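K.L.:
What follows is the file input09.tsv, containing TSV, C-alpha atoms:
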chain	number	residue	atom	x	y	z
A	1	MET	CA	64.06	123.36	39.17
A	2	SER	CA	66.11	123.29	42.28
A	3	VAL	CA	64.80	125.54	44.99
A	4	LEU	CA	68.27	126.06	46.41
A	5	PRO	CA	70.51	128.90	45.33
A	6	GLN	CA	73.58	127.51	43.58
A	7	SER	CA	75.97	128.96	46.13
A	8	VAL	CA	74.13	127.10	48.89
A	9	GLU	CA	74.03	123.90	46.84
A	10	LYS	CA	77.81	124.11	46.54
A	11	VAL	CA	78.38	124.45	50.27
A	12	ILE	CA	76.05	121.49	50.92
A	13	ASN	CA	77.95	119.52	48.33
A	14	GLU	CA	81.27	120.26	50.05
A	15	PHE	CA	79.94	119.44	53.52
A	16	SER	CA	78.56	116.14	52.17
A	17	LYS	CA	82.13	115.00	51.53
A	18	LEU	CA	82.69	114.76	55.28
A	19	PRO	CA	82.59	111.19	56.58
A	20	GLY	CA	79.23	110.42	58.13
A	21	VAL	CA	77.58	113.57	56.81
A	22	GLY	CA	74.65	112.94	54.49
A	23	PRO	CA	72.90	115.51	52.31
A	24	LYS	CA	70.34	116.37	55.01
A	25	THR	CA	72.95	117.04	57.69
A	26	ALA	CA	75.00	118.99	55.16
A	27	ALA	CA	71.96	121.13	54.34
A	28	ARG	CA	71.37	121.77	58.02
A	29	MET	CA	75.02	122.78	58.41
A	30	ALA	CA	74.87	125.15	55.44
A	31	TYR	CA	71.63	126.62	56.73
A	32	HIS	CA	73.22	127.19	60.13
A	33	TYR	CA	75.84	129.36	58.47
A	34	ILE	CA	73.24	131.24	56.43
A	35	ARG	CA	71.27	132.04	59.54
A	36	SER	CA	74.23	132.92	61.73
A	37	PRO	CA	74.13	136.65	62.43
A	38	ASN	CA	77.86	137.18	62.91
A	39	HIS	CA	79.28	135.99	59.60
A	40	ASP	CA	80.36	132.58	60.87
A	41	ALA	CA	80.50	131.40	57.27
A	42	LYS	CA	83.14	134.01	56.51
A	43	LYS	CA	85.07	133.08	59.65
A	44	LEU	CA	85.06	129.38	58.84
A	45	SER	CA	85.97	130.18	55.24
A	46	GLU	CA	89.00	132.16	56.34
A	47	ALA	CA	90.04	129.60	58.94
A	48	LEU	CA	89.87	126.80	56.36
A	49	SER	CA	91.82	128.71	53.79
A	50	HIS	CA	94.47	129.62	56.37
A	51	MET	CA	94.70	125.99	57.48
A	52	ASP	CA	94.96	124.77	53.91
A	53	GLU	CA	97.90	127.08	53.29
A	54	ASN	CA	99.75	126.55	56.55
A	55	VAL	CA	99.37	123.00	57.76
A	56	VAL	CA	101.92	120.41	56.67
A	57	PHE	CA	102.96	116.99	57.95
A	58	CYS	CA	106.04	116.95	60.17
A	59	LYS	CA	108.93	115.42	58.24
A	60	LYS	CA	109.95	113.25	61.18
A	61	CYS	CA	106.74	111.97	62.75
A	62	PHE	CA	104.12	112.92	60.10
A	63	ASN	CA	101.93	114.59	62.66
A	64	ILE	CA	100.18	117.79	61.52
A	65	SER	CA	102.25	120.89	62.07
A	66	GLU	CA	102.84	124.41	60.87
A	67	GLU	CA	106.61	123.83	60.78
A	68	GLU	CA	108.71	121.33	58.81
A	69	ILE	CA	109.55	119.63	62.09
A	70	CYS	CA	106.75	119.68	64.68
A	71	ASP	CA	107.02	121.03	68.24
A	72	ILE	CA	107.18	117.57	69.73
A	73	CYS	CA	109.96	116.23	67.48
A	74	SER	CA	112.02	119.39	68.00
A	75	SER	CA	111.48	119.59	71.76
A	76	PRO	CA	114.58	118.82	73.86
A	77	LEU	CA	112.26	117.78	76.70
A	78	ARG	CA	110.84	114.72	74.96
A	79	LYS	CA	112.50	111.36	75.58
A	80	LYS	CA	114.00	110.03	72.37
A	81	SER	CA	114.14	106.49	73.66
A	82	LYS	CA	110.36	106.11	73.38
A	83	LEU	CA	108.50	106.13	70.08
A	84	CYS	CA	104.74	105.82	70.17
A	85	VAL	CA	103.33	104.61	66.84
A	86	VAL	CA	99.75	105.78	66.25
A	87	GLU	CA	97.31	105.57	63.38
A	88	GLU	CA	96.36	109.22	63.02
A	89	PRO	CA	97.19	112.75	64.17
A	90	LEU	CA	94.03	112.71	66.31
A	91	ASP	CA	95.59	109.92	68.36
A	92	VAL	CA	98.59	112.14	69.09
A	93	ILE	CA	96.17	114.80	70.31
A	94	ALA	CA	94.47	112.26	72.59
A	95	PHE	CA	97.82	111.33	74.17
A	96	GLU	CA	98.96	114.93	74.49
A	97	ASN	CA	95.69	116.08	76.02
A	98	SER	CA	95.97	113.45	78.71
A	99	ALA	CA	99.61	114.41	79.41
A	100	VAL	CA	100.65	110.86	80.20
A	101	TYR	CA	103.50	110.46	77.71
A	102	ASP	CA	106.84	112.20	77.31
A	103	GLY	CA	108.38	110.41	74.32
A	104	LEU	CA	108.18	110.88	70.55
A	105	TYR	CA	105.45	109.87	68.11
A	106	PHE	CA	105.17	108.39	64.68
A	107	VAL	CA	101.93	108.67	62.69
A	108	LEU	CA	101.34	105.67	60.41
A	109	GLY	CA	98.53	107.28	58.47
A	110	GLY	CA	96.08	104.42	59.03
A	111	VAL	CA	96.14	100.68	59.50
A	112	ILE	CA	96.45	97.69	57.20
A	113	SER	CA	92.91	96.86	56.09
A	114	PRO	CA	92.41	94.38	53.24
A	115	ALA	CA	88.66	95.08	53.43
A	116	GLU	CA	89.23	98.74	52.57
A	117	GLY	CA	92.05	97.96	50.14
A	118	ILE	CA	94.72	99.48	52.37
A	119	SER	CA	97.95	97.48	52.23
A	120	ALA	CA	101.26	98.02	54.02
A	121	GLU	CA	102.54	99.97	51.00
A	122	ASP	CA	99.86	102.62	51.53
A	123	LEU	CA	101.10	103.35	55.03
A	124	ARG	CA	104.32	104.88	56.33
A	125	PHE	CA	106.14	101.71	57.35
A	126	LYS	CA	109.21	102.61	55.27
A	127	ASP	CA	109.32	106.05	56.86
A	128	LEU	CA	108.96	104.38	60.25
A	129	LYS	CA	111.99	102.17	59.51
A	130	LYS	CA	113.96	105.24	58.48
A	131	ARG	CA	112.88	107.22	61.53
A	132	VAL	CA	113.72	104.35	63.87
A	133	ASN	CA	117.22	104.07	62.40
A	134	GLU	CA	117.65	107.81	62.77
A	135	ILE	CA	116.65	107.65	66.43
A	136	LEU	CA	118.87	104.62	67.06
A	137	GLY	CA	121.80	106.68	65.73
A	138	GLU	CA	120.90	109.54	68.05
A	139	ILE	CA	120.35	107.65	71.28
A	140	GLU	CA	123.47	105.51	70.70
A	141	LYS	CA	123.60	102.81	73.34
A	142	GLU	CA	120.17	103.39	74.89
A	143	ARG	CA	117.46	100.92	74.00
A	144	LEU	CA	114.54	102.29	71.93
A	145	GLU	CA	111.06	101.33	73.03
A	146	ILE	CA	108.49	101.30	70.25
A	147	ILE	CA	105.05	101.57	71.81
A	148	VAL	CA	102.53	100.33	69.28
A	149	ALA	CA	99.38	102.34	69.96
A	150	THR	CA	97.22	101.36	67.01
A	151	ASN	CA	93.55	100.85	67.88
A	152	PRO	CA	92.51	97.57	69.51
A	153	SER	CA	90.73	96.46	66.33
A	154	LEU	CA	91.54	93.57	64.00
A	155	GLU	CA	93.27	96.02	61.64
A	156	GLY	CA	95.15	97.67	64.48
A	157	GLU	CA	96.38	94.25	65.64
A	158	ALA	CA	97.49	93.32	62.13
A	159	SER	CA	99.48	96.53	61.84
A	160	ALA	CA	101.01	95.91	65.26
A	161	SER	CA	102.16	92.46	64.13
A	162	TYR	CA	103.57	93.97	60.96
A	163	ILE	CA	105.66	96.40	63.01
A	164	SER	CA	106.85	93.68	65.32
A	165	ASP	CA	107.93	91.61	62.26
A	166	MET	CA	109.73	94.63	60.79
A	167	PHE	CA	112.04	94.95	63.77
A	168	LYS	CA	112.51	91.28	64.62
A	169	LYS	CA	116.28	91.51	64.16
A	170	GLU	CA	116.68	94.62	66.30
A	171	VAL	CA	114.54	93.11	69.04
A	172	LYS	CA	116.72	89.99	69.07
A	173	GLU	CA	119.83	92.15	69.24
A	174	GLY	CA	118.30	94.06	72.14
A	175	THR	CA	118.47	97.51	70.54
A	176	ILE	CA	114.69	97.75	70.31
A	177	GLU	CA	111.87	96.67	72.57
A	178	ILE	CA	108.34	96.62	71.19
A	179	THR	CA	105.38	97.09	73.51
A	180	ARG	CA	101.64	97.32	73.00
A	181	LEU	CA	99.14	99.35	75.02
A	182	ALA	CA	97.40	97.36	77.75
A	183	MET	CA	93.91	96.12	77.02
A	184	GLY	CA	91.11	95.65	79.50
A	185	LEU	CA	88.17	97.48	80.94
A	186	PRO	CA	88.11	101.24	80.45
A	187	THR	CA	87.58	103.46	83.52
A	188	GLY	CA	83.92	103.80	84.38
A	189	ALA	CA	82.95	100.82	82.29
A	190	ASP	CA	80.02	98.65	83.23
A	191	LEU	CA	81.09	95.00	83.34
A	192	GLU	CA	77.61	94.02	82.31
A	193	TYR	CA	77.99	95.75	78.95
A	194	ALA	CA	81.62	94.83	78.24
A	195	ASP	CA	82.08	92.78	75.06
A	196	ARG	CA	83.54	89.30	75.12
A	197	LEU	CA	86.99	90.25	73.81
A	198	THR	CA	87.39	93.08	76.31
A	199	LEU	CA	86.45	90.73	79.16
A	200	LYS	CA	88.85	88.09	77.84
A	201	ARG	CA	91.68	90.62	77.66
A	202	ALA	CA	90.83	92.05	81.08
A	203	LEU	CA	90.97	88.56	82.56
A	204	GLU	CA	94.22	87.64	80.80
A	205	GLY	CA	95.86	90.84	81.97
A	206	ARG	CA	94.69	90.64	85.57
A	207	LYS	CA	97.13	91.75	88.27
A	208	SER	CA	97.46	90.96	91.96
A	209	ILE	CA	96.43	93.80	94.22
B	1	MET	CA	101.37	123.37	75.26
B	2	SER	CA	98.71	122.56	72.74
B	3	VAL	CA	99.78	119.93	70.28
B	4	LEU	CA	97.53	121.41	67.61
B	5	PRO	CA	98.73	124.03	65.15
B	6	GLN	CA	96.83	127.27	65.73
B	7	SER	CA	95.32	127.27	62.26
B	8	VAL	CA	93.82	123.83	62.93
B	9	GLU	CA	92.59	124.91	66.36
B	10	LYS	CA	90.75	127.78	64.68
B	11	VAL	CA	88.97	125.54	62.18
B	12	ILE	CA	87.94	123.17	64.99
B	13	ASN	CA	86.68	126.14	66.95
B	14	GLU	CA	84.54	127.28	64.01
B	15	PHE	CA	83.16	123.81	63.33
B	16	SER	CA	82.27	123.48	67.03
B	17	LYS	CA	79.75	126.28	66.60
B	18	LEU	CA	77.57	123.97	64.51
B	19	PRO	CA	74.58	122.62	66.41
B	20	GLY	CA	75.24	119.10	67.64
B	21	VAL	CA	78.96	119.21	66.82
B	22	GLY	CA	81.22	118.77	69.84
B	23	PRO	CA	84.97	119.38	69.94
B	24	LYS	CA	85.80	115.77	69.02
B	25	THR	CA	83.58	115.73	65.95
B	26	ALA	CA	84.89	119.16	64.99
B	27	ALA	CA	88.47	117.84	65.26
B	28	ARG	CA	87.58	114.88	63.08
B	29	MET	CA	86.05	117.23	60.52
B	30	ALA	CA	89.10	119.48	60.48
B	31	TYR	CA	91.36	116.46	60.18
B	32	HIS	CA	89.33	115.20	57.23
B	33	TYR	CA	90.10	118.41	55.40
B	34	ILE	CA	93.79	118.27	56.31
B	35	ARG	CA	94.04	114.77	54.95
B	36	SER	CA	91.97	115.34	51.83
B	37	PRO	CA	94.29	115.12	48.83
B	38	ASN	CA	92.36	117.47	46.54
B	39	HIS	CA	92.24	120.67	48.56
B	40	ASP	CA	88.69	120.16	49.80
B	41	ALA	CA	89.42	122.72	52.52
B	42	LYS	CA	90.08	125.35	49.88
B	43	LYS	CA	86.94	124.35	47.98
B	44	LEU	CA	84.75	124.55	51.08
B	45	SER	CA	86.39	127.82	52.04
B	46	GLU	CA	85.56	129.34	48.66
B	47	ALA	CA	82.03	127.94	48.63
B	48	LEU	CA	81.33	129.39	52.08
B	49	SER	CA	82.71	132.77	51.24
B	50	HIS	CA	80.68	132.83	48.00
B	51	MET	CA	77.54	131.82	49.87
B	52	ASP	CA	78.15	134.44	52.55
B	53	GLU	CA	78.37	137.14	49.91
B	54	ASN	CA	75.48	136.03	47.70
B	55	VAL	CA	72.72	134.53	49.75
B	56	VAL	CA	69.96	136.79	51.01
B	57	PHE	CA	66.43	136.24	52.28
B	58	CYS	CA	63.66	136.74	49.71
B	59	LYS	CA	61.80	139.96	50.53
B	60	LYS	CA	58.43	138.32	50.03
B	61	CYS	CA	58.66	134.85	51.55
B	62	PHE	CA	61.97	135.06	53.49
B	63	ASN	CA	63.25	131.88	51.91
B	64	ILE	CA	66.96	131.84	51.06
B	65	SER	CA	67.70	133.19	47.62
B	66	GLU	CA	70.35	134.84	45.49
B	67	GLU	CA	67.86	137.42	44.25
B	68	GLU	CA	65.79	140.02	46.11
B	69	ILE	CA	62.70	138.05	45.18
B	70	CYS	CA	63.16	134.28	45.01
B	71	ASP	CA	62.39	132.04	42.04
B	72	ILE	CA	59.22	130.72	43.63
B	73	CYS	CA	57.72	134.09	44.51
B	74	SER	CA	58.52	135.46	41.06
B	75	SER	CA	57.31	132.41	39.13
B	76	PRO	CA	54.09	132.95	37.15
B	77	LEU	CA	53.43	129.21	37.42
B	78	ARG	CA	52.84	129.18	41.18
B	79	LYS	CA	49.30	129.52	42.47
B	80	LYS	CA	48.94	132.73	44.45
B	81	SER	CA	45.83	131.53	46.23
B	82	LYS	CA	47.83	129.09	48.38
B	83	LEU	CA	50.36	130.19	50.97
B	84	CYS	CA	52.24	127.50	52.86
B	85	VAL	CA	53.67	128.80	56.15
B	86	VAL	CA	56.77	126.89	57.26
B	87	GLU	CA	59.28	127.26	60.05
B	88	GLU	CA	62.52	127.24	58.10
B	89	PRO	CA	63.99	127.36	54.59
B	90	LEU	CA	64.81	123.64	54.90
B	91	ASP	CA	61.08	122.95	55.07
B	92	VAL	CA	60.59	124.70	51.73
B	93	ILE	CA	63.28	122.44	50.29
B	94	ALA	CA	61.46	119.38	51.65
B	95	PHE	CA	58.21	120.44	49.93
B	96	GLU	CA	59.94	121.37	46.69
B	97	ASN	CA	61.90	118.15	46.54
B	98	SER	CA	58.73	116.13	46.83
B	99	ALA	CA	57.03	118.22	44.12
B	100	VAL	CA	53.61	118.01	45.76
B	101	TYR	CA	52.83	121.70	46.07
B	102	ASP	CA	52.33	124.47	43.53
B	103	GLY	CA	51.55	127.48	45.72
B	104	LEU	CA	53.66	130.10	47.49
B	105	TYR	CA	55.57	129.89	50.77
B	106	PHE	CA	56.21	132.01	53.79
B	107	VAL	CA	59.12	131.24	56.13
B	108	LEU	CA	58.37	132.18	59.74
B	109	GLY	CA	61.94	131.81	60.93
B	110	GLY	CA	61.10	129.42	63.76
B	111	VAL	CA	58.24	128.75	66.16
B	112	ILE	CA	57.02	130.31	69.37
B	113	SER	CA	58.93	128.60	72.16
B	114	PRO	CA	58.76	130.04	75.66
B	115	ALA	CA	61.30	127.41	76.77
B	116	GLU	CA	63.89	128.81	74.37
B	117	GLY	CA	62.81	132.39	74.95
B	118	ILE	CA	61.36	132.79	71.46
B	119	SER	CA	58.21	134.90	71.50
B	120	ALA	CA	55.92	135.94	68.65
B	121	GLU	CA	57.89	139.18	68.29
B	122	ASP	CA	61.01	137.24	67.35
B	123	LEU	CA	59.28	135.64	64.39
B	124	ARG	CA	57.94	137.08	61.14
B	125	PHE	CA	54.25	137.28	62.02
B	126	LYS	CA	54.06	140.97	61.10
B	127	ASP	CA	55.68	140.25	57.75
B	128	LEU	CA	53.22	137.39	57.29
B	129	LYS	CA	50.30	139.76	57.86
B	130	LYS	CA	51.78	142.18	55.35
B	131	ARG	CA	52.42	139.45	52.80
B	132	VAL	CA	48.92	138.05	53.19
B	133	ASN	CA	47.37	141.48	52.59
B	134	GLU	CA	49.60	141.90	49.54
B	135	ILE	CA	48.43	138.56	48.14
B	136	LEU	CA	44.78	139.32	48.94
B	137	GLY	CA	45.15	142.48	46.88
B	138	GLU	CA	46.62	140.51	43.98
B	139	ILE	CA	44.19	137.61	43.86
B	140	GLU	CA	41.19	139.94	44.26
B	141	LYS	CA	38.07	137.88	44.69
B	142	GLU	CA	39.72	134.46	45.01
B	143	ARG	CA	39.93	132.98	48.49
B	144	LEU	CA	43.43	132.61	49.95
B	145	GLU	CA	44.27	129.32	51.64
B	146	ILE	CA	46.94	129.56	54.31
B	147	ILE	CA	48.37	126.09	54.86
B	148	VAL	CA	50.05	126.05	58.24
B	149	ALA	CA	52.95	123.62	57.89
B	150	THR	CA	54.78	124.16	61.14
B	151	ASN	CA	56.12	120.97	62.69
B	152	PRO	CA	53.72	118.74	64.63
B	153	SER	CA	55.35	119.69	67.94
B	154	LEU	CA	53.93	121.62	70.89
B	155	GLU	CA	55.68	124.75	69.62
B	156	GLY	CA	54.51	124.17	66.07
B	157	GLU	CA	50.93	123.84	67.31
B	158	ALA	CA	51.20	127.03	69.36
B	159	SER	CA	52.43	128.94	66.32
B	160	ALA	CA	49.62	127.46	64.23
B	161	SER	CA	47.06	128.72	66.78
B	162	TYR	CA	48.72	132.11	66.74
B	163	ILE	CA	48.31	132.33	62.97
B	164	SER	CA	44.73	131.19	63.13
B	165	ASP	CA	44.03	133.93	65.74
B	166	MET	CA	45.77	136.53	63.57
B	167	PHE	CA	43.36	136.01	60.71
B	168	LYS	CA	40.14	135.35	62.63
B	169	LYS	CA	38.40	138.29	61.02
B	170	GLU	CA	39.38	137.35	57.46
B	171	VAL	CA	38.33	133.75	58.04
B	172	LYS	CA	34.93	134.92	59.25
B	173	GLU	CA	34.61	137.16	56.21
B	174	GLY	CA	35.49	134.21	54.00
B	175	THR	CA	38.51	135.83	52.32
B	176	ILE	CA	40.93	133.41	53.98
B	177	GLU	CA	40.78	129.73	54.80
B	178	ILE	CA	43.35	128.31	57.19
B	179	THR	CA	44.33	124.65	56.98
B	180	ARG	CA	46.83	122.46	58.79
B	181	LEU	CA	48.78	119.51	57.40
B	182	ALA	CA	47.16	116.16	58.15
B	183	MET	CA	48.60	114.16	61.01
B	184	GLY	CA	48.75	110.41	61.30
B	185	LEU	CA	51.07	107.53	60.59
B	186	PRO	CA	53.94	108.24	58.21
B	187	THR	CA	54.43	105.91	55.23
B	188	GLY	CA	56.38	102.82	56.19
B	189	ALA	CA	55.74	103.34	59.89
B	190	ASP	CA	55.46	100.42	62.24
B	191	LEU	CA	52.27	100.71	64.32
B	192	GLU	CA	54.04	98.95	67.15
B	193	TYR	CA	56.49	101.81	67.52
B	194	ALA	CA	54.13	104.73	66.92
B	195	ASP	CA	53.82	107.11	69.87
B	196	ARG	CA	50.53	107.73	71.64
B	197	LEU	CA	49.83	111.12	70.10
B	198	THR	CA	50.48	109.90	66.58
B	199	LEU	CA	48.13	106.96	67.13
B	200	LYS	CA	45.50	109.28	68.61
B	201	ARG	CA	45.72	111.61	65.61
B	202	ALA	CA	45.72	108.71	63.16
B	203	LEU	CA	42.54	107.38	64.77
B	204	GLU	CA	40.85	110.78	64.89
B	205	GLY	CA	41.64	111.41	61.24
B	206	ARG	CA	40.57	107.98	59.98
B	207	LYS	CA	38.80	107.85	56.63
B	208	SER	CA	36.44	105.33	55.06
B	209	ILE	CA	38.02	103.28	52.32
As a first step, turn the structure in this file into structure tokens.
P.N.:
Amino acid sequence: MSVLPQSVEKVINEFSKLPGVGPKTAARMAYHYIRSPNHDAKKLSEALSHMDENVVFCKKCFNISEEEICDICSSPLRKKSKLCVVEEPLDVIAFENSAVYDGLYFVLGGVISPAEGISAEDLRFKDLKKRVNEILGEIEKERLEIIVATNPSLEGEASASYISDMFKKEVKEGTIEITRLAMGLPTGADLEYADRLTLKRALEGRKSI
Amino acid sequence: MSVLPQSVEKVINEFSKLPGVGPKTAARMAYHYIRSPNHDAKKLSEALSHMDENVVFCKKCFNISEEEICDICSSPLRKKSKLCVVEEPLDVIAFENSAVYDGLYFVLGGVISPAEGISAEDLRFKDLKKRVNEILGEIEKERLEIIVATNPSLEGEASASYISDMFKKEVKEGTIEITRLAMGLPTGADLEYADRLTLKRALEGRKSI
């Protein structure tokens, strides 16, 4: 006999599908909603259902959006000559929240990872090619900079190389320039705790002051 | 301008209300549901709404239930002469999952914690008194054992003392016996890492073998 009401069991089961959430955490989450005095469960339920019905992927950059074309892709204020390629929508949010970038984005949907069985075909490289050609047509004689902003992991590096191979011809012709985010020590880091690769990259990328 | 669609922002906002979930984790959770191919958001939404409408607290033990009186309280197989007092419904689940107990439960709803502004009045001590009298009436001449199973924390101990004070008279009369869960080293523990209090309790509670 299970001591849990079926309706609670179901919520726990759904929460358990979240990455990094085990059955105990899921139970604690469900219990939080049971105990909440102001019908938070109902509120979350409605918010989720609304999100499920309204959120789509932008047809140009594949970021999450409530429109066919997202606010960024349709904004006349964004520079079309810069295309920042990221792994996931959350990366777009990180850039936007820091307000340091005024170009366009393209969301790959992940990175090449043989260990997890994710090959180039599973990602949006073909869509990226298409989008790049579209932009090249729009900016005419300007040069397009593709900023590869995949994570500084082995997989992120592999995907960056893949992109750079994809546009070899265009780079030679000078219509495209491919850049990669700088690597080094993050602000506030403690040198003592920096890993070997970060130190190596920080040293390689050193600048005169 | 927020880069996030409003419907996503709302889900993140709701998830952020969970204890221990910050805005970044909440965003990752929301994004998981956006990306999920099989409408997990819809499933969770429905499960939550169903739970919100169906789950109540048992009128006798205050455990979560879909009936007025929960399965445990209404089961003829459970011993009425044992009442295990726990802090939260999750503690009942822990006992039930380990199948080591055949008595009844009572869920206090927390523990006395001056630091968090939780006093005895905020908990179900009055309901406990009522429930105990009810059981005493039902078991007639049998002695009722109240097993205090609050957590082995300062607050849990304070609540245990409170309960033991509440039933001083009945204990003297011999109608009630109050016990506390044993304390000591947990199975699989490493002595080296045990804290002082645990070691002290383990030593005090030592048994001949």
K.L.:
Using only C-alpha atoms, which residue out of B:Ile72, B:Met51, B:Ile163, B:Ile93 lies closest to Ile178 in chain B?
P.N.:
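The answer is B:Ile163, which sits nearest to Ile178 in chain B.
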K.L.:
Determine, for each residue of chain B having at least one atom at most 6 Å from an atom of chain A, the closest pair of atoms and their separation in Å to one decimal, counting only C-alpha atoms; order by chain and ascending number, as CSV.
P.N.:
residue,atom,partner,partner_atom,distance
B:Pro5,CA,A:Ser65,CA,5.6
B:Ser7,CA,A:Met51,CA,5.0
B:Val8,CA,A:Met51,CA,5.9
B:Val11,CA,A:Ala47,CA,5.3
B:Glu14,CA,A:Leu44,CA,5.6
B:Ala41,CA,A:Leu48,CA,5.6
B:Lys42,CA,A:Ser49,CA,5.4
B:Leu44,CA,A:Glu14,CA,5.6
B:Ser45,CA,A:Ser45,CA,4.0
B:Ala47,CA,A:Val11,CA,5.3
B:Leu48,CA,A:Ala41,CA,5.6
B:Ser49,CA,A:Lys42,CA,5.4
B:Met51,CA,A:Ser7,CA,5.0
B:Ser65,CA,A:Pro5,CA,5.6
B:Glu66,CA,A:Pro5,CA,5.9
K.L.:
Can you work out the spacing between CA of Asp91 in chain A and CA of Gly174 in chain A in Å, to one decimal?
P.N.:
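Between CA of Asp91 in chain A and CA of Gly174 in chain A the gap works out to 28.0 Å.
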K.L.:
If you measure from CA of Ser98 in chain A to CA of Arg78 in chain A, what distance in Å do you get, rounded to one decimal?
P.N.:
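Going from CA of Ser98 in chain A over to CA of Arg78 in chain A covers 15.4 Å.
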K.L.:
Around all the atoms of range 178-192 of chain B listed in the file, with 4 Å of room on each side, what axis-aligned box do you get, giving centre and edge lengths in Å to one decimal, as JSON?
P.N.:
{"center_x": 49.9, "center_y": 113.6, "center_z": 61.2, "size_x": 21.0, "size_y": 37.4, "size_z": 19.9}
K.L.:
With all atoms listed in the file as the counted atoms, please give the residues lying no more than 9 Å from Met183 in chain B, apart from itself and same-chain residues fewer than 4 positions off, as a ChimeraX atom specification.
P.N.:
/B:152,198,201-202,205
K.L.:
Given the selection you just returned, output its residues as a file containing C-alpha atoms, formatted as a compact mmCIF listing (two decimals), in the frame of the given file.
P.N.:
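Result file follows (out.txt):
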# COMPACT_ATOMS: atom_id res chain seq x y z
CA PRO B 152 53.72 118.74 64.63
CA THR B 198 50.48 109.90 66.58
CA ARG B 201 45.72 111.61 65.61
CA ALA B 202 45.72 108.71 63.16
CA GLY B 205 41.64 111.41 61.24
